[in-house]
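Encoded as structure tokens, the structure appears first; notes follow it.
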Amino acid sequence: MEIGTDTIGEQGCHLTWPELRHLSKQELSLSWSAIKDRRVDYAQLPSYFCTIMNLKGFVRYSLDEEEEAESVFITVLETDSENVCALGNLAVLCYRQSRLSEHKEYVSRLQTIINRQSPIVRARSYYDRAHTIRHFEQDKRKFTYIPFIKKAVDIAEKVTVLEKTEWLFDYGLALYRKDCQLTAGNASESALEGGFREASKCFNDVIEMKGFCGNRALSWVFLGLLLRNQSDRKFEVSLPDIKGLHGLSAMDCLNKALELQPSHPIVLRRVGAEMVQLKEFDKARTLLDLSIKLERSWFALRHRGLLNLALYEESGSTSEASQREYLDPARHDFEAAMTLKQVHADYSDLGYVYFLYGNYQKALKLFSCADRCTNDDNFNPAVTHRRWARCLHAIGESTGAKKQEGKAAEVDAMLSKQANAIEEAFYGHGANCQGFECDLERFNYSAEERPGFVSILSEERHPLTIVGNPFPFSSRQSNYKYDFFISFSHIDHKWTLLFFRKLERELEVRGCIRYRDYECGNAIAANISNSIRESAKIIVVISPDSIRDPWCKYEVRKSHAESLSRSYACVIPIMLRICKIPEEFELMTYIKCNDGQLTTEDWYRLGKSLFKKV
């Protein structure tokens, strides 16, 4: 075994993370071109420094340059001797080379660090995983990395080191990306408002913590972008307690960013891109030109191309002079951007340039390339299909044009359906930690048979699969499909699994649990609502983790709403670990666990409640 989850937990290392196993040599080579010259100052951005170094080591290893990769991982440890990811990578590398003595030494060091459970060390490792996965996902509509950056922020909630601003900033970026996708999908007003509020607060926290100046400036940029995503947004409405943001416009935020970092290439290109959207074309050109002069980047080249394209359309002229002044530079910029990265948006925009030239055959080929490209994040592919239809109409191909118009409508519908999927990916509902995060041993639960107590962990001697009647089940509560629904945080899933099993086995009742009973393909929010409505009783397992879990909060709200609609008490709160009771349950009698066990009296009362006819 290279390295076990008992050693490194969910945090893992680059050489074992499943999210990185599918990468092709071509993707890895392009990645190396993008990061090989990237330099980061450890004193300013310690987490980002280690993340970039570990990423370089992973890419070099994957390109069969093992000696160079090992040197990079060792360099990380020379800077941060407790870097979990570097230690894990070296342990795996040595194991695969049969250097078992060195492998054992690295594993021993890992075990010592993991057992100490330092929140800073853990947050760094989750940040590393999130950033690395995002590096390979950033142009796709994928959100695999999001639960990991959220985990880093949650773990570091009470940490005061400035390094925390790095984790908060990256979480803010994830929230911004979510906002862009929900906006494109015409998500509900409540979903957009909640996301805007959370993202804005995150960036404001980075600004107020006064960490790395570059991240503070970029936080102002993204606050401006969040405002522009929805024209009617106002900080004073969404964040009444943060007085420093009240009255600010998107332009105000962008100007604050430039005041902080007037020569930072990323700030310059981000603000320049926004100036294009705000039709401040002269400012946009100045900023984008300076950014490219300081650092040649795909983003700056692409948005300078969009600037020239916008100027051509604003001019209203199709003359050769106008084409030379605007279309030719736009074409050059899009072509230059495509030498650094190939994404759907650039193929589509370059195709549109050729359409405006009147070169319809070239345009059609580029639209087809765009359609085959899966790197379409932050761009609506429906735009490509509508451009494609215009091009086909221009050459008299009406049937093909109707087909592309239909495709555009299909894409718009797909983007709308993605809203639920984005929410669910974002919060990782039902994720299985597979490591010490949810390990029963870390909570000191008792497995002993004690007089007056019912041991839940005694179920551990049975297989950890949920058993249940595979045939249609006749519930004791004849009006309901299930006798009970159970709500719990994924951190508590192992204890809850044993508790659930014991209830079904010993009381012969039928429960509803997410791993077994949710309808495949249905939205999680819908599954929760349907399951609660179809259950006679609702058991809510409460812990410090559940009261912070967004989906558990949703289950609590739905449970409370359901209880108000019924003529009998249907919610049974169970305090697994001491924490503040949710306000919805403050007036309810709850069962309190003792070291993970229930008293025999409480077990009897629980059973009586489940058996009670309703």
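Each chain in the structure tokens gets a letter, A, B, ..., in the order shown, and its residues are numbered from 1; ligands are numbered from 1 in order too.
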
Contact residues around A:Leu260 with only C-alpha atoms at 10 Å, ignoring same-chain residues under 5 positions, as a PyMOL selection string: chain A and resi 213-214+216-218+220+255+267

Shell around stretch 278-293 of chain A at 12 Å using only C-alpha atoms, local window under 4 positions removed, as a ChimeraX atom specification: /A:224-225,228-229,231,249-251,254-255,258,262-274,297-314,333,336-337

Selection near stretch 593-600 of chain A, 10 Å with only C-alpha atoms, sequence-local residues under 6 positions removed, as number ranges by chain: A: 440, 443-457, 495, 499, 574-578, 606

Shell of 7 Å around stretch 609-611 of chain A, only C-alpha atoms, local chain residues under 3 positions omitted, as a ChimeraX atom specification: /A:483,537,605-606

Check which residues of stretch 82-164 of chain A sit at most 12 Å from stretch 181-185 of chain A using only C-alpha atoms, and return one row each with the closest pair of atoms and their distance in Å to one decimal, ordered by chain and rising number, as a tab-separated table.
```
residue	atom	partner	partner_atom	distance
A:Lys140	CA	A:Gln181	CA	11.2
A:Arg141	CA	A:Gln181	CA	8.4
A:Lys142	CA	A:Gln181	CA	10.6
A:Phe143	CA	A:Gln181	CA	10.9
```

Atoms to include: C-alpha atoms. Write the selected residues as a short mmCIF file (atom, residue, chain, number, x, y, z; two decimals), in the first residue's frame.
```cif
data_model
loop_
_atom_site.label_atom_id
_atom_site.label_comp_id
_atom_site.auth_asym_id
_atom_site.auth_seq_id
_atom_site.Cartn_x
_atom_site.Cartn_y
_atom_site.Cartn_z
CA LYS A 140 -14.55 23.89 -17.42
CA ARG A 141 -17.95 23.94 -15.78
CA LYS A 142 -16.69 21.76 -12.95
CA PHE A 143 -16.62 22.39 -9.22
#
```

7 Å contact set for A:Ser487, only C-alpha atoms, chain neighbours under 6 positions out, as number ranges by chain: A: 539-541, 552, 555

Selection: 12 Å around stretch 366-373 of chain A, only C-alpha atoms, excl. self and same-chain fewer than 4 positions, as a ChimeraX atom specification: /A:139-141,335,338,341-355,359-362,377,379-392,404,407-408,411

Would you output that residue set with C-alpha atoms, as an mmCIF file, in the first residue's frame?
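Contents of the output file selection-v3.cif:
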```cif
data_model
loop_
_atom_site.group_PDB
_atom_site.id
_atom_site.type_symbol
_atom_site.label_atom_id
_atom_site.label_comp_id
_atom_site.auth_asym_id
_atom_site.auth_seq_id
_atom_site.Cartn_x
_atom_site.Cartn_y
_atom_site.Cartn_z
ATOM 1 C CA ASP A 139 -11.920 26.604 -17.891
ATOM 2 C CA LYS A 140 -14.547 23.889 -17.422
ATOM 3 C CA ARG A 141 -17.955 23.943 -15.777
ATOM 4 C CA GLU A 335 -4.897 34.220 -32.181
ATOM 5 C CA MET A 338 -4.973 30.759 -28.377
ATOM 6 C CA LYS A 341 -4.679 28.363 -24.016
ATOM 7 C CA GLN A 342 -7.480 26.855 -26.111
ATOM 8 C CA VAL A 343 -10.977 27.667 -24.858
ATOM 9 C CA HIS A 344 -14.440 27.731 -26.368
ATOM 10 C CA ALA A 345 -14.734 31.522 -26.033
ATOM 11 C CA ASP A 346 -11.670 32.303 -28.178
ATOM 12 C CA TYR A 347 -12.723 29.940 -30.975
ATOM 13 C CA SER A 348 -16.171 31.543 -30.935
ATOM 14 C CA ASP A 349 -14.930 35.136 -30.868
ATOM 15 C CA LEU A 350 -12.351 34.503 -33.583
ATOM 16 C CA GLY A 351 -15.084 32.860 -35.654
ATOM 17 C CA TYR A 352 -17.238 35.939 -35.143
ATOM 18 C CA VAL A 353 -14.382 38.161 -36.377
ATOM 19 C CA TYR A 354 -14.177 36.110 -39.578
ATOM 20 C CA PHE A 355 -17.970 36.330 -39.904
ATOM 21 C CA ASN A 359 -15.197 34.891 -44.564
ATOM 22 C CA TYR A 360 -18.087 32.557 -43.726
ATOM 23 C CA GLN A 361 -16.330 29.240 -44.374
ATOM 24 C CA LYS A 362 -13.525 30.092 -41.941
ATOM 25 C CA ASP A 377 -16.432 28.267 -18.321
ATOM 26 C CA PHE A 379 -18.922 31.874 -21.552
ATOM 27 C CA ASN A 380 -22.397 31.019 -22.773
ATOM 28 C CA PRO A 381 -22.113 28.472 -25.615
ATOM 29 C CA ALA A 382 -25.574 29.574 -26.784
ATOM 30 C CA VAL A 383 -23.832 32.720 -28.109
ATOM 31 C CA THR A 384 -21.753 30.499 -30.408
ATOM 32 C CA HIS A 385 -24.808 28.702 -31.784
ATOM 33 C CA ARG A 386 -26.591 32.004 -32.496
ATOM 34 C CA ARG A 387 -23.504 33.337 -34.300
ATOM 35 C CA TRP A 388 -23.353 30.042 -36.194
ATOM 36 C CA ALA A 389 -26.998 30.460 -37.228
ATOM 37 C CA ARG A 390 -26.333 34.006 -38.490
ATOM 38 C CA CYS A 391 -23.433 32.714 -40.560
ATOM 39 C CA LEU A 392 -25.556 29.928 -42.052
ATOM 40 C CA GLN A 404 -28.240 25.975 -34.548
ATOM 41 C CA LYS A 407 -29.109 24.223 -30.146
ATOM 42 C CA ALA A 408 -28.904 27.701 -28.624
ATOM 43 C CA VAL A 411 -27.952 25.367 -24.128
#
```

Separation of atom CA of A:Ser24 from atom CA of A:Asn54, in Å and rounded to one decimal: 18.4 Å

Members of stretch 242-328 of chain A assigned helix (DSSP H, G or I) by DSSP, as an MDAnalysis selection string: chainID A and resid 243:245 250:260 265:277 281:294 298:315 320:328

Å distance separating atom CA of A:Glu157 from atom CA of A:His131, one decimal place: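 Between atom CA of A:Glu157 and atom CA of A:His131 the gap works out to 18.9 Å.
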
Å distance separating atom CA of A:Thr144 from atom CA of A:Ala526, one decimal place: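 These atoms are spaced 21.6 Å apart.
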